[in-house]
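K.L.:
File upload-v8.txt below, compact mmCIF, C-alpha atoms:
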# COMPACT_ATOMS: atom_id res chain seq x y z
CA MET W 72 -137.31 70.14 14.77
CA ARG W 73 -137.58 73.02 12.36
CA HIS W 74 -136.19 75.64 14.67
CA TYR W 75 -133.14 73.49 15.34
CA LEU W 76 -132.26 73.65 11.66
CA VAL W 77 -130.51 77.00 11.98
CA LEU W 78 -128.38 75.66 14.82
CA ARG W 79 -127.41 72.57 12.86
CA VAL W 80 -126.38 74.51 9.76
CA ILE W 81 -124.43 77.08 11.73
CA ALA W 82 -122.73 74.32 13.72
CA LYS W 83 -121.68 72.54 10.55
CA LEU W 84 -120.20 75.77 9.25
CA VAL W 85 -118.49 76.90 12.44
CA ILE W 86 -117.09 73.72 14.01
CA PRO W 87 -114.40 73.07 11.33
CA PHE W 88 -113.20 76.65 11.76
CA MET W 89 -113.08 76.21 15.52
CA LEU W 90 -110.94 73.08 15.18
CA LEU W 91 -108.72 74.81 12.65
CA PHE W 92 -108.36 77.78 14.98
CA ALA W 93 -107.40 75.43 17.79
CA LEU W 94 -104.63 73.95 15.63
CA TYR W 95 -103.52 77.45 14.61
CA VAL W 96 -103.32 78.60 18.22
CA GLN W 97 -101.36 75.48 19.11
CA PHE W 98 -98.70 75.76 16.44
CA HIS W 99 -98.52 79.53 16.29
CA GLY W 100 -98.05 79.77 20.03
CA ASP W 101 -94.37 80.42 19.51
CA PHE W 102 -94.92 83.63 17.57
CA GLY W 103 -98.12 85.02 18.96
CA PRO W 104 -100.38 84.48 21.92
CA GLY W 105 -101.41 80.91 22.32
CA GLY W 106 -99.91 77.60 23.24
CA GLY W 107 -101.03 74.26 24.51
CA PHE W 108 -103.71 75.20 27.04
CA GLN W 109 -105.65 77.57 24.86
CA ALA W 110 -105.56 75.15 21.93
CA GLY W 111 -106.74 72.24 24.05
CA VAL W 112 -109.61 74.23 25.51
CA ILE W 113 -110.75 75.54 22.11
CA ALA W 114 -110.67 72.05 20.61
CA ALA W 115 -112.68 70.70 23.55
CA ALA W 116 -115.15 73.56 23.17
CA ALA W 117 -115.63 72.67 19.50
CA MET W 118 -116.41 69.07 20.43
CA ILE W 119 -118.74 70.16 23.23
CA PHE W 120 -120.56 72.40 20.78
CA TYR W 121 -120.93 69.42 18.45
CA ALA W 122 -122.27 67.31 21.32
CA ILE W 123 -124.79 69.96 22.34
CA VAL W 124 -126.19 70.48 18.85
CA PHE W 125 -126.15 66.95 17.48
CA GLY W 126 -126.78 64.98 20.66
CA LEU W 127 -124.54 63.09 23.02
CA PRO W 128 -124.77 59.61 21.37
CA THR W 129 -123.65 61.03 18.01
CA ALA W 130 -120.76 62.85 19.67
CA ARG W 131 -119.82 59.64 21.46
CA LYS W 132 -119.57 57.92 18.08
CA VAL W 133 -117.28 60.64 16.75
CA VAL W 134 -115.00 60.75 19.80
CA PRO W 135 -115.62 57.60 21.83
CA ASP W 136 -115.07 57.51 25.57
CA ARG W 137 -112.04 55.30 25.10
CA VAL W 138 -110.33 57.86 22.87
CA ALA W 139 -111.00 60.69 25.32
CA GLU W 140 -109.69 58.65 28.26
CA THR W 141 -106.60 57.67 26.29
CA MET W 142 -105.92 61.29 25.41
CA VAL W 143 -106.06 62.23 29.07
CA ALA W 144 -103.18 59.96 29.93
CA LEU W 145 -101.31 60.24 26.65
CA GLY W 146 -100.54 63.95 26.99
CA VAL W 147 -98.90 63.56 30.39
CA LEU W 148 -96.90 60.62 29.08
CA VAL W 149 -95.71 62.65 26.08
CA TYR W 150 -94.56 65.43 28.40
CA ALA W 151 -92.77 63.05 30.73
CA GLY W 152 -91.37 61.25 27.71
CA VAL W 153 -89.73 64.43 26.46
CA GLY W 154 -88.11 64.76 29.85
CA LEU W 155 -86.89 61.18 29.71
CA ALA W 156 -85.55 61.74 26.20
CA GLY W 157 -83.44 64.53 27.58
CA LEU W 158 -82.16 62.14 30.26
CA VAL W 159 -81.43 59.34 27.79
CA LEU W 160 -79.57 61.59 25.36
CA GLY W 161 -77.10 62.73 27.98
CA GLY W 162 -78.50 65.85 29.60
CA ASN W 163 -80.69 66.49 32.60
CA TYR W 164 -84.38 65.65 32.87
CA LEU W 165 -86.38 67.99 30.63
CA ASP W 166 -83.17 69.34 29.12
CA TYR W 167 -83.93 70.49 25.60
CA PHE W 168 -80.42 71.44 24.56
CA VAL W 169 -79.38 67.85 23.92
CA LEU W 170 -82.35 66.94 21.73
CA ASP W 171 -80.58 68.04 18.56
CA HIS W 172 -77.09 68.91 17.35
CA ASP W 173 -78.01 72.57 17.31
CA PRO W 174 -79.15 73.55 20.84
CA VAL W 175 -81.65 76.14 19.64
CA HIS W 176 -83.25 73.59 17.34
CA GLY W 177 -83.37 71.21 20.27
CA GLN W 178 -85.31 73.86 22.17
CA HIS W 179 -87.75 74.11 19.26
CA ARG W 180 -88.34 70.37 19.28
CA GLY W 181 -88.70 70.19 23.03
CA ILE W 182 -91.19 73.07 23.16
CA PHE W 183 -93.18 71.63 20.26
CA TRP W 184 -93.64 68.22 21.86
CA VAL W 185 -94.27 69.62 25.30
CA GLU W 186 -97.03 71.94 24.07
CA ALA W 187 -98.52 69.07 22.05
CA GLY W 188 -98.65 66.91 25.18
CA VAL W 189 -100.32 69.68 27.16
CA ALA W 190 -102.93 70.27 24.44
CA ILE W 191 -103.77 66.57 24.22
CA THR W 192 -104.27 66.23 27.95
CA VAL W 193 -106.28 69.41 28.38
CA SER W 194 -108.66 68.70 25.49
CA GLY W 195 -109.10 65.09 26.57
CA VAL W 196 -109.86 66.03 30.17
CA MET W 197 -112.33 68.80 29.29
CA LEU W 198 -114.18 66.58 26.84
CA LYS W 199 -114.29 63.62 29.21
CA ILE W 200 -115.58 65.77 32.07
CA PHE W 201 -118.32 67.11 29.82
CA TYR W 202 -119.26 63.57 28.75
CA MET W 203 -119.53 62.53 32.40
CA PHE W 204 -121.70 65.50 33.35
CA ALA W 205 -123.96 65.30 30.33
CA GLY W 206 -124.29 61.55 30.24
CA ARG W 207 -125.49 61.21 33.78
CA ARG W 208 -129.24 61.02 33.95
CA SER W 209 -130.64 63.59 36.34
CA SER W 210 -132.00 62.10 39.54
CA ARG W 211 -134.77 64.68 39.40
CA ASP W 212 -136.27 62.80 36.47
CA ASP W 213 -136.96 59.82 38.69
CA GLU W 214 -139.04 61.75 41.22
CA MET V 95 -99.20 108.48 46.02
CA SER V 96 -102.56 109.36 44.57
CA PHE V 97 -105.70 107.30 44.39
CA TRP V 98 -105.15 106.42 40.74
CA SER V 99 -101.75 104.92 41.31
CA HIS V 100 -103.32 102.25 43.49
CA PHE V 101 -106.61 101.99 41.63
CA SER V 102 -105.91 98.49 40.34
CA TYR V 103 -105.45 97.26 43.91
CA ALA V 104 -108.77 98.84 44.90
CA VAL V 105 -110.62 96.99 42.12
CA THR V 106 -108.87 93.75 43.06
CA ILE V 107 -109.86 94.10 46.69
CA ALA V 108 -113.47 94.94 45.79
CA LEU V 109 -113.76 91.77 43.70
CA LEU V 110 -111.96 89.76 46.35
CA ILE V 111 -114.29 90.68 49.18
CA ALA V 112 -117.31 90.08 46.95
CA GLY V 113 -116.05 86.58 46.18
CA LEU V 114 -115.21 85.99 49.84
CA TYR V 115 -118.66 87.14 50.91
CA VAL V 116 -120.35 84.74 48.48
CA VAL V 117 -118.26 81.83 49.75
CA ILE V 118 -118.95 82.56 53.42
CA ALA V 119 -122.49 83.85 53.41
CA ARG V 120 -124.38 81.86 50.81
CA GLY V 121 -125.53 78.34 51.55
CA ASN V 122 -126.04 76.99 48.05
CA LEU V 123 -123.02 74.88 47.12
CA ILE V 124 -122.94 75.83 43.44
CA LYS V 125 -123.06 79.52 44.32
CA LYS V 126 -120.17 79.00 46.73
CA LEU V 127 -118.14 77.48 43.91
CA ILE V 128 -118.91 80.43 41.67
CA GLY V 129 -117.86 82.77 44.48
CA LEU V 130 -114.61 80.86 44.80
CA SER V 131 -113.94 81.30 41.10
CA ILE V 132 -114.62 85.04 41.39
CA PHE V 133 -112.11 85.14 44.26
CA GLN V 134 -109.53 83.39 42.10
CA THR V 135 -110.11 85.75 39.20
CA SER V 136 -109.49 88.76 41.41
CA VAL V 137 -106.16 87.25 42.41
CA TYR V 138 -105.21 87.02 38.72
CA LEU V 139 -105.76 90.75 38.51
CA LEU V 140 -103.65 91.24 41.63
CA TYR V 141 -100.71 89.54 39.94
CA ILE V 142 -100.93 90.94 36.45
CA ALA V 143 -101.65 94.61 37.14
CA PRO V 144 -98.20 95.36 38.63
CA GLY V 145 -96.52 93.79 35.63
CA LYS V 146 -97.93 96.28 33.19
CA LEU V 147 -95.72 99.12 32.01
CA ILE V 148 -97.48 102.05 30.39
CA GLY V 149 -95.96 102.43 26.92
CA GLY V 150 -94.90 98.79 26.85
CA THR V 151 -96.41 96.07 24.76
CA ALA V 152 -97.27 92.40 25.07
CA PRO V 153 -94.21 90.27 25.83
CA ILE V 154 -93.68 88.93 22.32
CA VAL V 155 -90.26 89.98 21.20
CA ASP V 156 -90.07 91.71 17.84
CA GLY V 157 -87.62 94.31 16.64
CA LYS V 158 -90.05 97.20 16.72
CA HIS V 159 -90.55 97.67 20.45
CA ALA V 160 -88.14 98.35 23.24
CA VAL V 161 -90.35 98.11 26.30
CA TYR V 162 -92.25 94.94 27.16
CA SER V 163 -94.65 94.19 29.95
CA ASN V 164 -93.42 91.69 32.48
CA PRO V 165 -94.02 88.10 31.29
CA LEU V 166 -93.43 86.34 34.58
CA PRO V 167 -96.86 86.98 36.15
CA HIS V 168 -98.47 85.85 32.88
CA VAL V 169 -96.81 82.46 33.21
CA LEU V 170 -97.86 82.02 36.83
CA ILE V 171 -101.44 83.08 36.16
CA LEU V 172 -101.74 80.79 33.12
CA THR V 173 -101.04 77.89 35.43
CA ALA V 174 -103.41 79.31 38.03
CA ILE V 175 -106.31 79.57 35.58
CA VAL V 176 -105.99 75.95 34.52
CA VAL V 177 -105.71 74.75 38.11
CA GLY V 178 -108.77 76.86 38.94
CA ILE V 179 -110.90 75.16 36.39
CA ALA V 180 -109.64 71.74 37.49
CA THR V 181 -110.78 72.63 41.02
CA LEU V 182 -114.14 73.83 39.72
CA ALA V 183 -114.73 70.61 37.76
CA LEU V 184 -113.90 68.41 40.73
CA GLY V 185 -116.04 70.56 43.04
CA LEU V 186 -119.00 70.32 40.68
CA ALA V 187 -118.64 66.54 40.50
CA LEU V 188 -118.76 66.44 44.31
CA VAL V 189 -121.84 68.68 44.34
CA VAL V 190 -123.61 66.35 41.91
CA ARG V 191 -122.87 63.38 44.15
CA ILE V 192 -124.04 65.30 47.23
CA ARG V 193 -127.26 66.14 45.43
CA GLU V 194 -127.86 62.50 44.71
CA ALA V 195 -127.16 61.47 48.28
CA TYR V 196 -129.00 64.25 50.17
CA GLU V 197 -131.60 65.48 47.61
CA THR V 198 -130.50 69.04 48.32
CA ILE V 199 -127.53 71.32 47.82
CA GLU V 200 -128.25 73.87 50.52
CA GLU V 201 -125.60 73.74 53.19
CA ASP V 202 -127.89 74.11 56.22
CA GLU V 203 -130.23 71.34 55.04
CA ILE V 204 -127.28 69.03 54.53
CA LEU V 205 -125.96 69.73 58.03
CA ASP V 206 -129.43 69.14 59.50
CA ALA V 207 -129.68 65.80 57.71
CA ASP V 208 -126.26 64.81 59.03
CA ARG V 209 -127.16 65.77 62.60
CA ALA V 210 -130.42 63.84 62.37
CA ALA V 211 -128.59 60.80 61.06
CA ASP V 212 -126.07 61.08 63.88
CA ARG V 213 -128.80 61.30 66.49
CA ASP V 214 -130.74 58.37 65.09
CA GLY V 215 -127.99 56.02 64.05
CA HIS V 216 -124.90 57.16 65.95
CA GLY V 217 -122.96 57.83 62.79
CA ALA V 218 -124.16 56.89 59.31
CA MET T 229 -116.96 94.04 36.42
CA VAL T 230 -117.84 95.15 39.89
CA ALA T 231 -121.45 95.57 38.79
CA ALA T 232 -121.51 92.06 37.35
CA VAL T 233 -120.12 90.64 40.57
CA ALA T 234 -122.63 92.59 42.66
CA ALA T 235 -125.42 91.12 40.55
CA ILE T 236 -123.99 87.64 41.07
CA VAL T 237 -124.00 88.11 44.83
CA VAL T 238 -127.61 89.23 44.98
CA GLN T 239 -129.21 87.10 42.26
CA ARG T 240 -130.81 83.85 43.39
CA ASN T 241 -131.72 82.22 40.10
CA LEU T 242 -128.62 80.13 39.46
CA PHE T 243 -128.98 80.11 35.68
CA ALA T 244 -128.73 83.90 35.68
CA VAL T 245 -125.74 83.64 38.02
CA VAL T 246 -123.94 81.32 35.60
CA VAL T 247 -124.57 83.61 32.64
CA LEU T 248 -123.40 86.61 34.65
CA GLY T 249 -120.28 84.61 35.49
CA GLY T 250 -119.62 84.24 31.77
CA VAL T 251 -120.09 87.98 31.28
CA TYR T 252 -117.69 88.64 34.14
CA SER T 253 -115.08 86.36 32.56
CA PHE T 254 -115.30 88.17 29.24
CA LEU T 255 -114.96 91.55 30.95
CA MET T 256 -111.95 90.24 32.85
CA ALA T 257 -110.42 89.06 29.56
CA SER T 258 -110.86 92.55 28.09
CA VAL T 259 -109.20 94.11 31.12
CA LEU T 260 -106.34 91.64 30.79
CA ILE T 261 -105.79 92.66 27.17
CA ALA T 262 -105.65 96.27 28.28
CA LEU T 263 -102.94 95.15 30.71
CA ASP T 264 -100.95 93.57 27.83
CA ALA T 265 -101.53 90.02 29.06
CA VAL T 266 -102.63 88.51 25.75
CA ASP T 267 -101.93 84.83 26.52
CA VAL T 268 -103.70 85.10 29.84
CA ALA T 269 -106.66 86.91 28.26
CA MET T 270 -107.10 84.18 25.66
CA THR T 271 -106.96 81.50 28.34
CA GLU T 272 -109.34 83.35 30.67
CA ALA T 273 -111.84 83.96 27.88
CA SER T 274 -111.84 80.37 26.63
CA VAL T 275 -111.68 78.71 30.04
CA GLY T 276 -113.73 81.08 32.16
CA ALA T 277 -116.44 81.98 29.71
CA GLY T 278 -116.46 78.78 27.67
CA ILE T 279 -115.66 75.60 29.54
CA SER T 280 -116.62 76.90 32.96
CA THR T 281 -120.06 77.98 31.79
CA ALA T 282 -120.63 74.64 30.04
CA LEU T 283 -119.67 72.64 33.13
CA LEU T 284 -121.74 74.83 35.45
CA LEU T 285 -124.79 74.46 33.23
CA GLY T 286 -124.28 70.70 33.18
CA ALA T 287 -124.10 70.63 36.97
CA LEU T 288 -127.12 72.91 37.19
CA TYR T 289 -129.15 70.54 35.04
CA LEU T 290 -128.29 67.74 37.44
CA CYS T 291 -128.93 69.73 40.61
CA GLY T 292 -131.56 72.39 40.45
CA ALA T 293 -131.62 75.99 39.44
CA GLU T 294 -132.84 78.02 42.39
CA GLU T 295 -131.11 79.13 45.54
CA ALA T 296 -133.03 79.09 48.79
CA GLN T 297 -133.69 82.26 50.77
CA PRO T 298 -131.01 82.72 53.45
CA ILE T 299 -132.45 82.15 56.92
CA ARG T 300 -130.22 84.33 59.03
CA ARG T 301 -129.35 87.91 58.20
CA PRO T 302 -125.71 87.63 57.05
CA TRP T 303 -124.21 90.39 59.18
CA LEU T 304 -121.22 88.46 60.46
CA PRO T 305 -119.96 87.33 57.00
CA LEU T 306 -120.44 90.85 55.71
CA LEU T 307 -118.44 92.22 58.63
CA VAL T 308 -115.70 89.64 58.10
CA SER T 309 -115.48 90.46 54.40
CA LEU T 310 -115.32 94.20 54.98
CA VAL T 311 -112.72 93.87 57.72
CA THR T 312 -110.62 91.66 55.43
CA GLY T 313 -111.00 94.24 52.68
CA GLY T 314 -109.92 97.01 55.04
CA VAL T 315 -106.84 95.12 56.14
CA LEU T 316 -105.94 94.42 52.51
CA VAL T 317 -106.35 98.08 51.56
CA TYR T 318 -103.97 98.97 54.35
CA GLY T 319 -101.57 96.32 53.11
CA THR T 320 -101.60 97.40 49.48
CA LEU T 321 -100.74 100.98 50.36
CA GLY T 322 -97.16 99.78 50.67
CA LEU T 323 -97.11 98.08 47.27
CA PRO T 324 -95.56 99.81 44.24
CA ALA T 325 -97.69 102.20 42.25
CA PHE T 326 -99.21 101.17 38.96
CA SER T 327 -96.68 100.91 36.13
CA ASP T 328 -93.62 101.71 38.21
CA PRO T 329 -90.49 100.66 36.29
CA GLN T 330 -88.43 100.48 39.48
CA ALA T 331 -90.70 97.92 41.09
CA PRO T 332 -88.91 94.76 42.29
CA ILE T 333 -90.99 92.66 39.95
CA HIS T 334 -89.01 94.01 37.01
CA ARG T 335 -85.60 93.21 38.44
CA HIS T 336 -83.89 89.93 39.23
CA VAL T 337 -84.69 87.23 36.72
CA VAL T 338 -87.10 88.89 34.24
CA PRO T 339 -84.52 90.96 32.31
CA ARG T 340 -82.72 87.74 31.49
CA TYR T 341 -85.94 86.16 30.26
CA VAL T 342 -86.92 89.06 28.06
CA ASN T 343 -83.45 89.72 26.69
CA ASP T 344 -82.23 86.19 26.14
CA ALA T 345 -85.35 84.15 25.41
CA GLU T 346 -85.24 84.56 21.67
CA ARG T 347 -81.53 83.93 21.49
CA GLU T 348 -81.53 80.83 23.67
CA THR T 349 -84.78 79.20 22.63
CA GLY T 350 -85.59 80.66 19.24
CA VAL T 351 -89.14 81.46 20.31
CA PRO T 352 -90.28 85.12 20.18
CA ASN T 353 -93.21 84.62 22.55
CA VAL T 354 -91.49 85.03 25.92
CA VAL T 355 -94.45 83.61 27.83
CA THR T 356 -94.35 80.35 25.87
CA ALA T 357 -90.58 80.17 26.21
CA VAL T 358 -90.73 80.62 29.98
CA LEU T 359 -93.69 78.27 30.36
CA ALA T 360 -92.31 75.43 28.27
CA SER T 361 -88.58 75.79 28.63
CA TYR T 362 -87.34 77.90 31.53
CA ARG T 363 -90.09 76.68 33.86
CA GLY T 364 -90.94 73.38 32.25
CA TYR T 365 -91.22 71.54 35.56
CA ASP T 366 -94.07 73.76 36.66
CA THR T 367 -95.94 73.03 33.45
CA LEU T 368 -95.39 69.32 33.98
CA GLY T 369 -96.93 69.66 37.43
CA GLU T 370 -99.85 71.62 36.04
CA THR T 371 -100.54 69.03 33.35
CA THR T 372 -100.54 66.42 36.10
CA VAL T 373 -103.06 68.50 38.04
CA VAL T 374 -105.39 68.59 35.03
CA PHE T 375 -104.93 64.86 34.60
CA THR T 376 -105.74 64.29 38.27
CA ALA T 377 -108.89 66.40 38.00
CA GLY T 378 -109.96 64.34 35.00
CA ILE T 379 -109.53 61.00 36.68
CA GLY T 380 -111.07 62.38 39.88
CA VAL T 381 -114.24 63.31 38.01
CA ILE T 382 -114.24 59.93 36.29
CA ALA T 383 -113.92 58.19 39.66
CA LEU T 384 -116.70 60.27 41.23
CA LEU T 385 -119.27 60.16 38.46
CA ARG T 386 -118.78 56.70 37.06
CA ARG T 387 -121.85 54.46 37.10
CA ARG T 388 -121.59 50.83 38.00
CA ARG T 389 -122.60 48.46 35.25
CA ARG T 390 -124.21 46.14 37.77
CA LYS T 391 -127.18 48.44 38.21
CA GLY T 392 -127.94 48.26 34.54
CA GLU T 393 -127.39 51.95 33.89
CA GLY T 394 -123.88 51.81 32.51
CA GLN T 395 -123.15 54.24 29.68
Go through the file and emit its structure as structure tokens.
P.N.:
Amino acid sequence: MRHYLVLRVIAKLVIPFMLLFALYVQFHGDFGPGGGFQAGVIAAAAMIFYAIVFGLPTARKVVPDRVAETMVALGVLVYAGVGLAGLVLGGNYLDYFVLDHDPVHGQHRGIFWVEAGVAITVSGVMLKIFYMFAGRRSSRDDE
Amino acid sequence: MSFWSHFSYAVTIALLIAGLYVVIARGNLIKKLIGLSIFQTSVYLLYIAPGKLIGGTAPIVDGKHAVYSNPLPHVLILTAIVVGIATLALGLALVVRIREAYETIEEDEILDADRAADRDGHGA
Amino acid sequence: MVAAVAAIVVQRNLFAVVVLGGVYSFLMASVLIALDAVDVAMTEASVGAGISTALLLGALYLCGAEEAQPIRRPWLPLLVSLVTGGVLVYGTLGLPAFSDPQAPIHRHVVPRYVNDAERETGVPNVVTAVLASYRGYDTLGETTVVFTAGIGVIALLRRRRRKGEGQ
């Protein structure tokens, strides 16, 4: 196990920065490159890195299957919910101008929630797919 | 019209036919999927290269620049990249199931097994 | 990039092919930055070289890492590919030259996006503004596609608890 020590230490140092970078890319997507997809993928990559270094059962305790599956559906619901909010408040579906008194601020809110929904779905899907691939025992082991 | 004015198209086509060749000619299913993803990546280049303006900058509006590269292809290709990886994930899941059912992922061996099953059992 | 792709075509060890695919994705991301497509480059680098490589390696572990020798000499696929390439070269001769400001792609709706995006949405990044606001329906569809891929993989790879192997 000795030669895995370097990996474990580096992982413990790097994974918080990866998650922080994912959040930065998500919220700074309005002013620089970034946005929901990139943030979701980077967050999923951080969790996959954790799962590779520390083992799949440990990663499953940190982010259980239930949480990943819920995230998959939750993001799409958030996105559709923003659209419905536009409908309920008097505009068209996915109309951001009616979400606030000031139309530009309404756009800000709409874009914020929409990107959040996208990031949640993308990170949930990538993580869940990795769990399914990695958790399946190889049939070659049975031969 | 010189060669260099259409150089980006030449690179795109070179990558495209390489990806196409891998999809058609190779029998291993995982290699076909990788060839498909190479094909898709060359199409990204096909869309984004014409949007570039020499002397422009990335399409993030600030007061310092007057010329911006075209943002519309970027939006379309962003969607295309994510759809591409969704396709790849689903394709890989199918390949894993095929491997468990047929014990192989070579296309010709799978077809032979299907033909043998049809001959013996008149449809499995 | 062309060299990386040529190596992918010829190489038969699939692990090497996957790693070369990651290299190709990174090179593509660099080219995209040179073409001023910063959002796309970030997405291509993280998705193509990160997630894609991880998923391919996972599938490779479950399947097997060597490609069999092709039985027939692949002359017909090579001919088809080259003929397709020739036809495409002929087709692209009519397309606008690189960095032509009069190209149709720069007319029509894009000047409105670039000029008005900050004023109407308050977001300087035009790509995010177009993606989330001007073309929000497309992004809703794309999120649904990702969702569908996720539940498709869940449906395909789920184990039945009856067999005693449930995770």
K.L.:
Which polymer residues have any atom within 9 Å of an atom of stretch 122-125 of chain W, counting all atoms listed in the file, with same-chain residues fewer than 3 positions away left out, as a ChimeraX atom specification?
P.N.:
/W:75,78-79,82,117-119,128-131,202
K.L.:
Convert the current residue selection to file output with C-alpha atoms, as a JSON list (two decimals), in the frame of the given file.
P.N.:
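Listed below is the output, part-v1.json:
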[["chain", "number", "residue", "atom", "x", "y", "z"],
["W", 75, "TYR", "CA", -133.14, 73.49, 15.34],
["W", 78, "LEU", "CA", -128.38, 75.66, 14.82],
["W", 79, "ARG", "CA", -127.41, 72.57, 12.86],
["W", 82, "ALA", "CA", -122.73, 74.32, 13.72],
["W", 117, "ALA", "CA", -115.63, 72.67, 19.50],
["W", 118, "MET", "CA", -116.41, 69.07, 20.43],
["W", 119, "ILE", "CA", -118.74, 70.16, 23.23],
["W", 128, "PRO", "CA", -124.77, 59.61, 21.37],
["W", 129, "THR", "CA", -123.65, 61.03, 18.01],
["W", 130, "ALA", "CA", -120.76, 62.85, 19.67],
["W", 131, "ARG", "CA", -119.82, 59.64, 21.46],
["W", 202, "TYR", "CA", -119.26, 63.57, 28.75]]
K.L.:
List the spatial neighbours of stretch 191-195 of chain W as a ChimeraX atom specification - criterion: any atom at most 9 Å away, only C-alpha atoms, same-chain residues fewer than 2 positions off excluded.
P.N.:
/W:107-116,138-147,186-189,197-200 /V:176 /T:371-372,374-375,378
K.L.:
What does the structure give for the distance between atom CA of V:Asp208 and atom CA of T:Ala377, in Å to one decimal?
P.N.:
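Distance reported for this atom pair: 27.3 Å.
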K.L.:
What does the structure give for the distance between atom CA of V:Thr135 and atom CA of V:Thr198, in Å to one decimal?
P.N.:
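Going from atom CA of V:Thr135 over to atom CA of V:Thr198, I get 27.9 Å.
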K.L.:
Which residues are near stretch 169-173 of chain V? Cut-off 10 Å, only C-alpha atoms, ignore same chain within fewer than 3 positions. Put them as a PyMOL selection string.
P.N.:
(chain W and resi 108-109) or (chain V and resi 135+137-139+141-142+164-166+176-178) or (chain T and resi 265+267-272+354-360+363+366-367+369-371+373)
K.L.:
Restrict the calculation to only C-alpha atoms, then for each residue of chain W with any atom at most 6 Å from an atom of chain T give the closest atom pair and their distance in Å to one decimal, rows by chain and rising residue number, as JSON lines.
P.N.:
{"residue": "W:Asp101", "atom": "CA", "partner": "T:Asn353", "partner_atom": "CA", "distance": 5.3}
{"residue": "W:Phe102", "atom": "CA", "partner": "T:Asn353", "partner_atom": "CA", "distance": 5.4}
{"residue": "W:Pro104", "atom": "CA", "partner": "T:Asp267", "partner_atom": "CA", "distance": 4.9}
{"residue": "W:Gly105", "atom": "CA", "partner": "T:Asp267", "partner_atom": "CA", "distance": 5.8}
{"residue": "W:Gln109", "atom": "CA", "partner": "T:Thr271", "partner_atom": "CA", "distance": 5.4}
{"residue": "W:Val175", "atom": "CA", "partner": "T:Thr349", "partner_atom": "CA", "distance": 5.3}
{"residue": "W:Gln178", "atom": "CA", "partner": "T:Thr349", "partner_atom": "CA", "distance": 5.4}
{"residue": "W:Ile182", "atom": "CA", "partner": "T:Ala360", "partner_atom": "CA", "distance": 5.7}
{"residue": "W:Val196", "atom": "CA", "partner": "T:Gly378", "partner_atom": "CA", "distance": 5.1}
{"residue": "W:Phe204", "atom": "CA", "partner": "T:Gly286", "partner_atom": "CA", "distance": 5.8}
{"residue": "W:Ser209", "atom": "CA", "partner": "T:Leu290", "partner_atom": "CA", "distance": 4.9}
K.L.:
Work out how far apart atom CA of T:Val308 and atom CA of V:Ala180 are and give it in Å to one decimal.
P.N.:
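Between these atoms lies a distance of 28.0 Å.
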K.L.:
Sorted by chain and rising residue number, which residues of chain V lie within 12 Å of chain W, and what are their closest atom pairs and distances in Å to one decimal, counting all atoms listed in the file, as a tab-separated table?
P.N.:
residue	atom	partner	partner_atom	distance
V:Ala152	CA	W:Pro104	CA	9.1
V:Pro153	CA	W:Pro104	CA	9.3
V:Ile154	CA	W:Gly103	CA	6.8
V:Val155	CA	W:Phe102	CA	8.7
V:Asp156	CA	W:Phe102	CA	9.4
V:Pro165	CA	W:Pro104	CA	11.9
V:His168	CA	W:Pro104	CA	11.2
V:Val169	CA	W:Gly106	CA	11.5
V:Leu172	CA	W:Phe108	CA	8.5
V:Thr173	CA	W:Phe108	CA	9.2
V:Ala174	CA	W:Phe108	CA	11.7
V:Ile175	CA	W:Phe108	CA	9.9
V:Val176	CA	W:Phe108	CA	7.9
V:Val177	CA	W:Val193	CA	11.1
V:Ile179	CA	W:Met197	CA	9.6
V:Ala180	CA	W:Met197	CA	9.1
V:Leu182	CA	W:Ile200	CA	11.2
V:Ala183	CA	W:Ile200	CA	7.5
V:Leu184	CA	W:Ile200	CA	9.2
V:Gly185	CA	W:Ile200	CA	12.0
V:Leu186	CA	W:Phe204	CA	9.2
V:Ala187	CA	W:Phe204	CA	7.8
V:Leu188	CA	W:Phe204	CA	11.4
V:Val189	CA	W:Phe204	CA	11.4
V:Val190	CA	W:Phe204	CA	8.8
V:Arg191	CA	W:Ser210	CA	10.3
V:Ile192	CA	W:Ser210	CA	11.5
V:Arg193	CA	W:Ser210	CA	8.6
V:Glu194	CA	W:Ser210	CA	6.6
V:Ala195	CA	W:Ser210	CA	10.0
V:Tyr196	CA	W:Ser210	CA	11.3
V:Glu197	CA	W:Ser210	CA	8.8
V:Thr198	CA	W:Arg211	CA	10.8
K.L.:
Can you tell me, as a PyMOL selection string, which residues sit within 9 Å of (-120.9, 82.5, 57.1) in the file's frame, using all atoms listed in the file?
P.N.:
(chain V and resi 115-121) or (chain T and resi 302-306+308)
K.L.:
Which residue out of V:Gly149, V:Gly215, V:Pro167, V:Pro144 has the minimum interatomic distance to chain T when all atoms listed in the file are used?
P.N.:
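Closest residue, counting all atoms listed in the file: V:Pro144.
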K.L.:
For chain T, which residue among V:Ala160, V:Ala143, V:Leu130, V:Ala211 is the nearest when counting only C-alpha atoms?
P.N.:
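Going through V:Ala160, V:Ala143, V:Leu130, V:Ala211 one by one, the smallest distance to chain T is for V:Ala143.
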K.L.:
Rank T:Val233, T:Val338, T:Leu310, T:Leu323 by their smallest atom-to-atom distance to V:Leu140, using all atoms listed in the file, and report the top residue only.
P.N.:
T:Leu323
K.L.:
Write out as number ranges by chain which residues come within 9 Å of T:Met229 when counting only C-alpha atoms, dropping same-chain ones fewer than 5 positions away.
P.N.:
V: 109; T: 234, 251-253, 255-256
K.L.:
Using all atoms listed in the file, which residue out of T:Val317, T:Ile261, T:Ala325, T:Ala232 lies closest to V:Ser163?
P.N.:
T:Ile261
